[in-house]
Structure formats: structure tokens, C-alpha cells
Amino acid sequence: MRRETTILAGAVAVLAAALFTAGAVRAADTADTKTGGIGPTIKIFKGDKCVRPTEDMRRNHMKYILHHRDQTMHEGIRTTQYSLKNCVDCHADPKTNSVLGKDGFCSSCHQFAAVSIDCFSCHSPSPENSGQPQKAAETAPSRLMNLMRLSAENARPRGDYP
Amino acid sequence: MSLSRRQFIGIGGAAVAAMAAPGLRLIELANARSPAEAATSLQRWGLLVDISKCHDCDACVTACSTENGWYGHNRPASDPQWIRKVTLKDNQSGYVETLPVMCQHCEEPPCVDVCPTGASFKRADGIVLVDKHICIGCRYCMMACPYKARSFVHEDTTNQKPYAPRGKGTVESCTLCVQRVDAGRIPACVEACNKDGHEAMVFGDLNDKSSEISKRLASAPSTQLRPDLSLNTGVRYQGI
């Protein structure tokens with residue numbers, strides 16, 4: 001009886017160790033680049049670390065850039081730590097010159113979280129002096145808008161305008 | 001030991017002078033403000049245009065467009081126009097002169113008075129700007145501006161400059177190249193005019209009596225456009 005218990009405990013320990021190792025390897029994968037599977041594509045192209053710890057940035061980046069935006073616009077404070085330009089400089093994909101597009105740093109995550117951002121309807125999604133951005137792939141929201149517009153046009157009765 | 005009233009005032013005066021002296025030095029050095037420092041009312045940025053040196057070219061307009069990334073769509077009535085060349089002709093003598101007209105960066109800007117959201121505002125150093133984050137595109141400011149300096153963005157924008165965001169549905173105008181001014185540089189139009197050798201435009205601090213612009217304004221007659229409106233413009237003209 002005692003022998004059986006020891007074997008069982010040993011098996012559990014081995015299993016736990018195996019699971020832990022697998023988890024650790026997976027965690028190491030996600031820290032660098034994460035592709036495939038559930039979740040957004042996160043690629044980092046420049047710099048060793050962000051201006052704040054990753055966990056903090058994930059939760060609070062919008063507050064930091066909103067606060068900085070007002071300071072820059074109204075007071076002319078142009079520190080780079082929380083500027084949108086600084087985000088773009090580090091996170092733009094060198095291939096597309098942009099943070100937008102299918103695997104773009106900003107758009108892929110916001111699409112996954114179902115949050116629409118309007119920063120880049122005015123701001124440039126490309127770093128300074130990097131040439132023109134490649135045409136970003138059509139994103140899901142814009143496809144949806146197009147479909148809605150098309151169906152609205154089709155639904156409109158023809159010929160009875162004044 | 002007790003101080004007499006006279007001694008006390010004397011020491012106090014010396015202390016105030018000692019504190020004020022570094023302050024005066026700060027005003028001098030304020031041109032090269034650090035990025036973390038806010039713009040202050042110690043400066044008032046201005047521009048002087050000498051029409052007698054202004055040639056029939058559009059170097060300033062091109063430079064502005066290149067710097068700030070605005071462009072037209074062949075629709076002159078609605079295309080954005082941060083700076084434009086205006087031609088004046090004396091009908092009696094036939095004498096023609098041209099001058100650049102842009103946002104005049106008024107001390108009392110009518111665009112700021114009429115803005116319902118606070119998007120149109122004057123910065124502490126006198127630069128009049130539009131905060132496009134809170135602009136709702138009502139265009140009251142365009143109607144209020146006596147200089148027709150503001151434009152409405154009717155089209156989707158592409159290829160914006162990272163330091164000059166522009167977007168459909170908002171109003172925009174000359175920013176006096178605020179991104180350059182904050183970095184201690186001069187506006188693109190002034191730089192282009194100097195580069196072509198015309199040197200018709202001078203940029204500087206109107207509050208600093210030793211700046212070139214203040215000296216030029218103090219030594220020769222100059223005028224504001226529509227001085228009857230008493231807006232105290234930051235852009236002045238000579239030789240009209």
C-alpha cells in the first residue's frame with residue numbers, strides 16, 4: 001500500500017513538472033512574438049522595453065497618451081515618453097511602415113479587443129522620415145461599413161426622388 | 001540686534017534684485033525651451049512681412065504645404081489653404097504688389113470667442129491653434145475670422161506628417177509651425193523666403209525688445225491688416 005502511494009505521488013510530481021515546463025516554454029514564446037492561436041499579433045521591432053512595464057501599458061496606455069495629448073496641444077510640452085509619435089516610432093512594422101494593417105501593432109490588438117481607435121484618421125501611422133506608408137489592408141470595421149453602405153444603397157427605392 | 005526700518009527695506013530690496021536677476025536671464029534663454037517646459041506668456045511670437053521685398057513667387061506657400069502636409073484637390077473654393085498670396089493693385093497707377101496672408105495670430109482672436117467647444121484657443125505664447133481633438137467642425141471660426149485664414153478639411157487625409165496631424169471634419173490654419181517654434185526653429189515660410197534670398201519675413205518674439213522683429217517694428221512704420229478691429233495681430237506688414 002505504502003509503495004503504491006509513493007508511485008502515485010511520483011507520477012503526479014512528474015506530470016506537474018512536465019506541465020510546468022511546457023507552460024514556461026509557452027510563456028517564453030509569448031514574451032517575444034506571438035503568432036497564431038487566439039489573441040492578437042504582437043510584434044516589437046525596436047527597443048528592449050516599453051516606456052512603462054507591459055502590464056501597465058496594456059491597461060493604461062490610453063490614459064497616458066490622452067494626458068500627454070492635452071499637455072502637448074495646449075502647453076507645448078513635447079517630451080517623448082508618452083507621445084503617440086514615440087509609440088509609432090518603435091512599434092511600426094518596417095515592412096509596411098505602419099502600426100496599422102492586419103498584423104499592425106495598434107490595429108491587431110484593438111481589433112481583437114473590439115475597440116475602434118480614431119487616432120490614425122488624423123495622426124500618421126508611420127514613423128518620421130520613413131517614406132510613405134503602404135496601403136493598409138482593409139480592416140474588419142471598414143469592410144463592415146462598406147457592406148452596410150452597399151446594402152443601404154440597394155435598399156433605397158429608385159426613381160421616387162423629387 | 002534689531003533692524004531699523006530703512007535697513008530692513010534696503011536688505012529686502014537687495015534680496016528682490018538678487019531673485020529678479022536670474023529671472024531676467026531666464027527670459028533671454030527662453031528661446032531654447034526644454035521639451036518638458038510649457039510655453040509661457042514671457043514670449044509673444046510674431047511675424048513681420050516686408051512687402052517691398054516680397055516677390056511674385058509662392059516659396060512660402062509651397063514650404064508651408066510641404067512642412068505641414070496639406071494639399072488641394074483642384075477645388076479652389078474648398079481646398080485647404082494655410083497661407084495664400086494676395087495680389088493688391090492700385091487701379092489709378094496700375095502698381096501691383098503681392099503679400100502672403102495667413103492666420104494673423106491675434107491677441108484678441110475672434111475665432112476663439114465664437115468657438116462653442118474651446119477647440120479654438122490661444123496658447124500662452126500667443127500662437128492661435130485648433131485642438132482638433134475637440135473640434136466639432138461647426139466652422140463658426142471660419143466665419144468669424146476677418147482674414148479668411150481658416151480652412152475646413154472636406155476630404156479624407158493621407159500622408160500626414162507625424163508632427164502635423166490633419167483630419168476630415170475639422171478646421172485648420174497656420175500654426176506658426178508650432179512644432180518648429182517649440183524646438184527653437186523658425187517657421188517654414190520664413191526659412192524658405194530667407195533661402196531664396198528675399199528675406200521679406202522676420203520671425204521673432206514681440207515681447208523681447210532686443211529681438212530683430214521688435215527693432216524693425218520700432219524703427220519703421222508698419223501696419224496690421226484691418227487695424228480698425230483692434231485685434232492686435234501678431235503678424236505685421238511693412239510697405240503696404
# chains A, B, ... in the order shown; residues from 1 in each chain; ligands from 1
$ closest_atom_pairs --of "chain B" --to "chain A" --cutoff "6 Å" --atoms "only C-alpha atoms" --output "JSON lines"
{"residue": "B:Pro35", "atom": "CA", "partner": "A:Arg78", "partner_atom": "CA", "distance": 4.7}
{"residue": "B:Ala36", "atom": "CA", "partner": "A:Ile77", "partner_atom": "CA", "distance": 5.2}
{"residue": "B:Glu37", "atom": "CA", "partner": "A:Ile77", "partner_atom": "CA", "distance": 5.8}
{"residue": "B:Ala38", "atom": "CA", "partner": "A:Glu75", "partner_atom": "CA", "distance": 4.9}
{"residue": "B:Ala39", "atom": "CA", "partner": "A:Glu75", "partner_atom": "CA", "distance": 5.5}
{"residue": "B:Gln160", "atom": "CA", "partner": "A:Ser124", "partner_atom": "CA", "distance": 5.3}
{"residue": "B:Pro162", "atom": "CA", "partner": "A:Ser124", "partner_atom": "CA", "distance": 5.1}
{"residue": "B:Pro165", "atom": "CA", "partner": "A:His123", "partner_atom": "CA", "distance": 4.7}
{"residue": "B:Arg166", "atom": "CA", "partner": "A:Cys122", "partner_atom": "CA", "distance": 4.7}
{"residue": "B:Gly167", "atom": "CA", "partner": "A:Cys122", "partner_atom": "CA", "distance": 4.2}
$ write_last_selection --atoms "C-alpha atoms" --output "compact mmCIF listing (two decimals), in the first residue's frame"
# COMPACT_ATOMS: atom_id res chain seq x y z
CA PRO B 35 10.73 69.89 -24.22
CA ALA B 36 9.38 69.42 -20.67
CA GLU B 37 8.71 73.14 -20.17
CA ALA B 38 5.35 74.67 -21.02
CA ALA B 39 5.07 77.67 -23.33
CA GLN B 160 0.03 63.38 -42.80
CA PRO B 162 3.82 62.89 -37.77
CA PRO B 165 -1.94 65.73 -37.76
CA ARG B 166 -4.86 66.67 -40.03
CA GLY B 167 -8.25 65.07 -40.30
$ select_by_dssp --residues "range 27-239 of chain B" --states "strand (DSSP E)" --output "tab-separated table (two decimals) with C-alpha atoms, in the first residue's frame"
chain	number	residue	atom	x	y	z
B	45	TRP	CA	5.63	85.12	-31.20
B	46	GLY	CA	5.14	87.36	-34.20
B	47	LEU	CA	5.93	87.72	-37.85
B	48	LEU	CA	6.86	90.79	-39.85
B	49	VAL	CA	6.36	90.79	-43.61
B	50	ASP	CA	8.14	93.46	-45.65
B	83	ILE	CA	-1.20	80.59	-46.31
B	84	ARG	CA	-2.03	82.32	-49.59
B	85	LYS	CA	-0.60	85.05	-51.77
B	86	VAL	CA	-2.90	88.03	-52.17
B	87	THR	CA	-2.41	90.48	-55.05
B	88	LEU	CA	-3.10	94.17	-54.49
B	89	LYS	CA	-3.46	96.51	-57.46
B	96	VAL	CA	0.74	95.64	-58.37
B	97	GLU	CA	2.13	94.11	-55.19
B	98	THR	CA	1.68	90.72	-53.57
B	99	LEU	CA	1.71	89.67	-49.95
B	100	PRO	CA	1.31	86.42	-48.03
B	101	VAL	CA	-1.75	86.23	-45.78
B	102	MET	CA	-2.15	83.59	-43.11
B	120	SER	CA	-10.03	77.16	-30.99
B	121	PHE	CA	-7.60	78.58	-28.45
B	122	LYS	CA	-4.65	80.86	-27.97
B	128	VAL	CA	-3.60	80.62	-32.10
B	129	LEU	CA	-4.36	76.95	-32.71
B	130	VAL	CA	-7.20	74.47	-33.26
B	151	SER	CA	-9.90	76.03	-43.84
B	152	PHE	CA	-12.19	73.08	-43.32
B	171	VAL	CA	-10.86	73.16	-39.11
B	172	GLU	CA	-7.20	74.01	-39.56
B	201	MET	CA	9.76	87.76	-43.50
B	202	VAL	CA	11.13	88.08	-39.97
B	203	PHE	CA	10.01	85.79	-37.16
B	204	GLY	CA	10.63	86.57	-33.51
B	205	ASP	CA	9.49	87.48	-30.04
B	235	VAL	CA	1.59	89.26	-37.93
B	236	ARG	CA	2.56	92.75	-39.08
B	237	TYR	CA	3.20	94.21	-42.54
B	238	GLN	CA	5.55	96.90	-43.77
$ select_by_dssp --residues "range 68-231 of chain B" --states "helix (DSSP H, G or I)" --output "JSON, numbers by chain"
{"B": [68, 110, 111, 112, 113, 114, 140, 141, 142, 143, 144, 178, 179, 180, 181, 182, 188, 189, 190, 191, 192, 193, 194, 195, 212, 213, 214, 215, 216, 217, 218, 219, 227, 228, 229]}
$ write_last_selection --atoms "N, CA and C atoms" --output "mmCIF file, in the first residue's frame"
data_model
loop_
_atom_site.group_PDB
_atom_site.id
_atom_site.type_symbol
_atom_site.label_atom_id
_atom_site.label_comp_id
_atom_site.auth_asym_id
_atom_site.auth_seq_id
_atom_site.Cartn_x
_atom_site.Cartn_y
_atom_site.Cartn_z
ATOM 1 N N ASN B 68 3.768 71.037 -43.541
ATOM 2 C CA ASN B 68 2.620 70.604 -42.764
ATOM 3 C C ASN B 68 1.733 69.575 -43.466
ATOM 4 N N PRO B 110 -11.041 86.522 -32.742
ATOM 5 C CA PRO B 110 -12.488 86.302 -32.848
ATOM 6 C C PRO B 110 -12.836 84.817 -32.978
ATOM 7 N N CYS B 111 -11.914 84.024 -33.561
ATOM 8 C CA CYS B 111 -12.180 82.585 -33.712
ATOM 9 C C CYS B 111 -12.297 81.911 -32.353
ATOM 10 N N VAL B 112 -11.532 82.386 -31.385
ATOM 11 C CA VAL B 112 -11.584 81.812 -30.037
ATOM 12 C C VAL B 112 -12.878 82.235 -29.340
ATOM 13 N N ASP B 113 -13.289 83.495 -29.582
ATOM 14 C CA ASP B 113 -14.531 83.990 -28.972
ATOM 15 C C ASP B 113 -15.740 83.157 -29.379
ATOM 16 N N VAL B 114 -15.786 82.751 -30.659
ATOM 17 C CA VAL B 114 -17.012 82.106 -31.146
ATOM 18 C C VAL B 114 -17.006 80.593 -30.999
ATOM 19 N N TYR B 140 -17.773 77.913 -37.207
ATOM 20 C CA TYR B 140 -18.054 79.278 -36.741
ATOM 21 C C TYR B 140 -16.786 80.128 -36.840
ATOM 22 N N CYS B 141 -15.645 79.528 -36.504
ATOM 23 C CA CYS B 141 -14.384 80.278 -36.502
ATOM 24 C C CYS B 141 -14.035 80.767 -37.898
ATOM 25 N N MET B 142 -14.382 79.946 -38.902
ATOM 26 C CA MET B 142 -14.092 80.369 -40.274
ATOM 27 C C MET B 142 -14.899 81.607 -40.641
ATOM 28 N N MET B 143 -16.138 81.633 -40.128
ATOM 29 C CA MET B 143 -16.992 82.801 -40.416
ATOM 30 C C MET B 143 -16.525 84.022 -39.632
ATOM 31 N N ALA B 144 -16.011 83.777 -38.415
ATOM 32 C CA ALA B 144 -15.622 84.901 -37.555
ATOM 33 C C ALA B 144 -14.298 85.514 -37.990
ATOM 34 N N VAL B 178 4.234 75.523 -35.111
ATOM 35 C CA VAL B 178 4.423 75.403 -33.663
ATOM 36 C C VAL B 178 5.415 74.294 -33.299
ATOM 37 N N GLN B 179 5.453 73.233 -34.131
ATOM 38 C CA GLN B 179 6.396 72.131 -33.849
ATOM 39 C C GLN B 179 7.831 72.610 -34.004
ATOM 40 N N ARG B 180 8.059 73.540 -34.928
ATOM 41 C CA ARG B 180 9.403 74.096 -35.120
ATOM 42 C C ARG B 180 9.711 75.116 -34.023
ATOM 43 N N VAL B 181 8.723 75.961 -33.720
ATOM 44 C CA VAL B 181 8.935 77.001 -32.706
ATOM 45 C C VAL B 181 9.276 76.365 -31.358
ATOM 46 N N ASP B 182 8.577 75.267 -31.028
ATOM 47 C CA ASP B 182 8.853 74.575 -29.765
ATOM 48 C C ASP B 182 10.259 73.995 -29.736
ATOM 49 N N ALA B 188 8.473 77.460 -41.433
ATOM 50 C CA ALA B 188 8.944 77.006 -42.749
ATOM 51 C C ALA B 188 8.871 78.117 -43.793
ATOM 52 N N CYS B 189 7.826 78.978 -43.727
ATOM 53 C CA CYS B 189 7.674 80.038 -44.731
ATOM 54 C C CYS B 189 8.833 81.031 -44.634
ATOM 55 N N VAL B 190 9.207 81.362 -43.410
ATOM 56 C CA VAL B 190 10.282 82.327 -43.194
ATOM 57 C C VAL B 190 11.609 81.739 -43.689
ATOM 58 N N GLU B 191 11.804 80.464 -43.366
ATOM 59 C CA GLU B 191 13.029 79.789 -43.788
ATOM 60 C C GLU B 191 13.133 79.765 -45.320
ATOM 61 N N ALA B 192 11.994 79.469 -45.992
ATOM 62 C CA ALA B 192 12.003 79.388 -47.456
ATOM 63 C C ALA B 192 12.281 80.754 -48.074
ATOM 64 N N CYS B 193 11.679 81.800 -47.481
ATOM 65 C CA CYS B 193 11.866 83.158 -48.004
ATOM 66 C C CYS B 193 13.329 83.594 -47.850
ATOM 67 N N ASN B 194 13.925 83.254 -46.712
ATOM 68 C CA ASN B 194 15.341 83.577 -46.492
ATOM 69 C C ASN B 194 16.232 82.802 -47.445
ATOM 70 N N LYS B 195 15.874 81.547 -47.687
ATOM 71 C CA LYS B 195 16.690 80.673 -48.531
ATOM 72 C C LYS B 195 16.730 81.207 -49.960
ATOM 73 N N GLU B 212 15.159 91.004 -33.364
ATOM 74 C CA GLU B 212 15.216 91.710 -34.644
ATOM 75 C C GLU B 212 13.847 92.257 -35.033
ATOM 76 N N ILE B 213 12.810 91.435 -34.793
ATOM 77 C CA ILE B 213 11.461 91.858 -35.193
ATOM 78 C C ILE B 213 11.032 93.101 -34.412
ATOM 79 N N SER B 214 11.337 93.148 -33.111
ATOM 80 C CA SER B 214 10.956 94.320 -32.305
ATOM 81 C C SER B 214 11.714 95.555 -32.766
ATOM 82 N N LYS B 215 13.006 95.379 -33.084
ATOM 83 C CA LYS B 215 13.804 96.521 -33.538
ATOM 84 C C LYS B 215 13.283 97.053 -34.859
ATOM 85 N N ARG B 216 12.951 96.128 -35.779
ATOM 86 C CA ARG B 216 12.448 96.554 -37.084
ATOM 87 C C ARG B 216 11.104 97.267 -36.939
ATOM 88 N N LEU B 217 10.243 96.748 -36.046
ATOM 89 C CA LEU B 217 8.937 97.374 -35.844
ATOM 90 C C LEU B 217 9.089 98.749 -35.207
ATOM 91 N N ALA B 218 10.112 98.892 -34.356
ATOM 92 C CA ALA B 218 10.311 100.162 -33.650
ATOM 93 C C ALA B 218 10.950 101.209 -34.561
ATOM 94 N N SER B 219 11.614 100.764 -35.632
ATOM 95 C CA SER B 219 12.389 101.716 -36.431
ATOM 96 C C SER B 219 11.693 102.153 -37.712
ATOM 97 N N PRO B 227 -6.689 97.144 -38.999
ATOM 98 C CA PRO B 227 -6.390 97.663 -37.658
ATOM 99 C C PRO B 227 -7.639 98.193 -36.956
ATOM 100 N N ASP B 228 -8.689 98.481 -37.753
ATOM 101 C CA ASP B 228 -9.926 99.001 -37.164
ATOM 102 C C ASP B 228 -10.577 98.006 -36.202
ATOM 103 N N LEU B 229 -10.242 96.730 -36.349
ATOM 104 C CA LEU B 229 -10.863 95.728 -35.490
ATOM 105 C C LEU B 229 -10.175 95.599 -34.128
#
$ residues_around --residues "Cys50 in chain A" --least-positions-apart "4" --cutoff "9 Å" --atoms "only C-alpha atoms" --output "list in words"
Thr54, Met57, Cys87 and Cys90 of chain A
$ atom_distance --atom1 "CA of Tyr82 in chain A" --atom2 "CA of Trp70 in chain B"
26.0 Å
$ closest_residue --among "A:Arg52, A:Lys63, A:His91, A:Lys46" --to "Cys106 in chain A" --atoms "only C-alpha atoms"
A:His91
$ residues_around --residues "Asp93 in chain A" --least-positions-apart "3" --cutoff "7 Å" --atoms "only C-alpha atoms" --output "count of residues only"
6
$ atom_distance --atom1 "CA of Ser108 in chain A" --atom2 "CA of Arg59 in chain A"
16.1 Å
$ residues_around --residues "His154 in chain B" --least-positions-apart "4" --cutoff "12 Å" --atoms "only C-alpha atoms" --output "list of chain:residue names"
B:Tyr71, B:Gly72, B:His73, B:Arg75, B:Ala77, B:Ser78, B:Asp79, B:Pro80, B:Gly137, B:Arg139, B:Arg166, B:Gly167, B:Lys168, B:Gly169, B:Thr170, B:Val171, B:Glu172
$ decode --residues "range 90-117 of chain A" --atoms "N, CA and C atoms" --output "PDB file, in the first residue's frame"
ATOM      1  N   CYS A  90       8.501  53.241 -32.407  1.00  0.00           N
ATOM      2  CA  CYS A  90       9.002  51.923 -32.003  1.00  0.00           C
ATOM      3  C   CYS A  90       8.191  50.782 -32.601  1.00  0.00           C
ATOM      4  N   HIS A  91       6.873  50.965 -32.712  1.00  0.00           N
ATOM      5  CA  HIS A  91       6.022  49.813 -32.984  1.00  0.00           C
ATOM      6  C   HIS A  91       5.625  49.654 -34.441  1.00  0.00           C
ATOM      7  N   ALA A  92       6.008  50.596 -35.319  1.00  0.00           N
ATOM      8  CA  ALA A  92       5.626  50.455 -36.730  1.00  0.00           C
ATOM      9  C   ALA A  92       6.412  49.297 -37.346  1.00  0.00           C
ATOM     10  N   ASP A  93       5.717  48.520 -38.145  1.00  0.00           N
ATOM     11  CA  ASP A  93       6.353  47.395 -38.849  1.00  0.00           C
ATOM     12  C   ASP A  93       7.245  47.961 -39.960  1.00  0.00           C
ATOM     13  N   PRO A  94       8.538  47.631 -39.966  1.00  0.00           N
ATOM     14  CA  PRO A  94       9.410  48.197 -41.008  1.00  0.00           C
ATOM     15  C   PRO A  94       8.986  47.793 -42.418  1.00  0.00           C
ATOM     16  N   LYS A  95       8.280  46.672 -42.538  1.00  0.00           N
ATOM     17  CA  LYS A  95       7.844  46.249 -43.883  1.00  0.00           C
ATOM     18  C   LYS A  95       6.742  47.151 -44.415  1.00  0.00           C
ATOM     19  N   THR A  96       5.752  47.442 -43.577  1.00  0.00           N
ATOM     20  CA  THR A  96       4.624  48.254 -44.051  1.00  0.00           C
ATOM     21  C   THR A  96       4.770  49.708 -43.650  1.00  0.00           C
ATOM     22  N   ASN A  97       5.772  50.038 -42.824  1.00  0.00           N
ATOM     23  CA  ASN A  97       5.950  51.408 -42.326  1.00  0.00           C
ATOM     24  C   ASN A  97       4.752  51.888 -41.541  1.00  0.00           C
ATOM     25  N   SER A  98       4.065  51.001 -40.875  1.00  0.00           N
ATOM     26  CA  SER A  98       2.806  51.408 -40.269  1.00  0.00           C
ATOM     27  C   SER A  98       2.494  50.585 -39.020  1.00  0.00           C
ATOM     28  N   VAL A  99       1.698  51.174 -38.114  1.00  0.00           N
ATOM     29  CA  VAL A  99       1.209  50.424 -36.957  1.00  0.00           C
ATOM     30  C   VAL A  99      -0.176  49.842 -37.253  1.00  0.00           C
ATOM     31  N   LEU A 100      -0.669  50.115 -38.472  1.00  0.00           N
ATOM     32  CA  LEU A 100      -1.979  49.597 -38.869  1.00  0.00           C
ATOM     33  C   LEU A 100      -1.797  48.379 -39.779  1.00  0.00           C
ATOM     34  N   GLY A 101      -2.885  47.900 -40.340  1.00  0.00           N
ATOM     35  CA  GLY A 101      -2.826  46.716 -41.194  1.00  0.00           C
ATOM     36  C   GLY A 101      -3.149  45.469 -40.403  1.00  0.00           C
ATOM     37  N   LYS A 102      -3.144  44.337 -41.079  1.00  0.00           N
ATOM     38  CA  LYS A 102      -3.614  43.091 -40.469  1.00  0.00           C
ATOM     39  C   LYS A 102      -2.813  42.748 -39.208  1.00  0.00           C
ATOM     40  N   ASP A 103      -1.490  42.803 -39.305  1.00  0.00           N
ATOM     41  CA  ASP A 103      -0.649  42.458 -38.160  1.00  0.00           C
ATOM     42  C   ASP A 103      -0.057  43.697 -37.493  1.00  0.00           C
ATOM     43  N   GLY A 104      -0.598  44.863 -37.802  1.00  0.00           N
ATOM     44  CA  GLY A 104      -0.069  46.099 -37.239  1.00  0.00           C
ATOM     45  C   GLY A 104      -0.202  46.104 -35.722  1.00  0.00           C
ATOM     46  N   PHE A 105       0.750  46.698 -35.035  1.00  0.00           N
ATOM     47  CA  PHE A 105       0.789  46.656 -33.570  1.00  0.00           C
ATOM     48  C   PHE A 105      -0.496  47.212 -32.968  1.00  0.00           C
ATOM     49  N   CYS A 106      -0.922  48.402 -33.440  1.00  0.00           N
ATOM     50  CA  CYS A 106      -2.117  49.016 -32.854  1.00  0.00           C
ATOM     51  C   CYS A 106      -3.383  48.317 -33.318  1.00  0.00           C
ATOM     52  N   SER A 107      -3.502  48.129 -34.653  1.00  0.00           N
ATOM     53  CA  SER A 107      -4.788  47.662 -35.182  1.00  0.00           C
ATOM     54  C   SER A 107      -5.084  46.212 -34.798  1.00  0.00           C
ATOM     55  N   SER A 108      -4.071  45.331 -34.772  1.00  0.00           N
ATOM     56  CA  SER A 108      -4.376  43.924 -34.500  1.00  0.00           C
ATOM     57  C   SER A 108      -4.940  43.754 -33.089  1.00  0.00           C
ATOM     58  N   CYS A 109      -4.349  44.462 -32.122  1.00  0.00           N
ATOM     59  CA  CYS A 109      -4.801  44.329 -30.742  1.00  0.00           C
ATOM     60  C   CYS A 109      -6.176  44.974 -30.539  1.00  0.00           C
ATOM     61  N   HIS A 110      -6.375  46.147 -31.135  1.00  0.00           N
ATOM     62  CA  HIS A 110      -7.666  46.812 -30.962  1.00  0.00           C
ATOM     63  C   HIS A 110      -8.781  46.047 -31.658  1.00  0.00           C
ATOM     64  N   GLN A 111      -8.436  45.410 -32.765  1.00  0.00           N
ATOM     65  CA  GLN A 111      -9.439  44.606 -33.455  1.00  0.00           C
ATOM     66  C   GLN A 111      -9.826  43.405 -32.591  1.00  0.00           C
ATOM     67  N   PHE A 112      -8.813  42.801 -31.965  1.00  0.00           N
ATOM     68  CA  PHE A 112      -9.061  41.649 -31.096  1.00  0.00           C
ATOM     69  C   PHE A 112      -9.945  42.052 -29.921  1.00  0.00           C
ATOM     70  N   ALA A 113      -9.676  43.249 -29.375  1.00  0.00           N
ATOM     71  CA  ALA A 113     -10.430  43.714 -28.210  1.00  0.00           C
ATOM     72  C   ALA A 113     -11.743  44.400 -28.600  1.00  0.00           C
ATOM     73  N   ALA A 114     -12.020  44.458 -29.917  1.00  0.00           N
ATOM     74  CA  ALA A 114     -13.230  45.115 -30.428  1.00  0.00           C
ATOM     75  C   ALA A 114     -13.327  46.561 -29.964  1.00  0.00           C
ATOM     76  N   VAL A 115     -12.199  47.262 -30.044  1.00  0.00           N
ATOM     77  CA  VAL A 115     -12.173  48.689 -29.709  1.00  0.00           C
ATOM     78  C   VAL A 115     -11.758  49.434 -30.972  1.00  0.00           C
ATOM     79  N   SER A 116     -12.565  50.388 -31.402  1.00  0.00           N
ATOM     80  CA  SER A 116     -12.160  51.128 -32.597  1.00  0.00           C
ATOM     81  C   SER A 116     -11.403  52.373 -32.169  1.00  0.00           C
ATOM     82  N   ILE A 117     -10.256  52.598 -32.791  1.00  0.00           N
ATOM     83  CA  ILE A 117      -9.461  53.782 -32.464  1.00  0.00           C
ATOM     84  C   ILE A 117      -9.552  54.752 -33.632  1.00  0.00           C
TER      85      ILE A 117
END
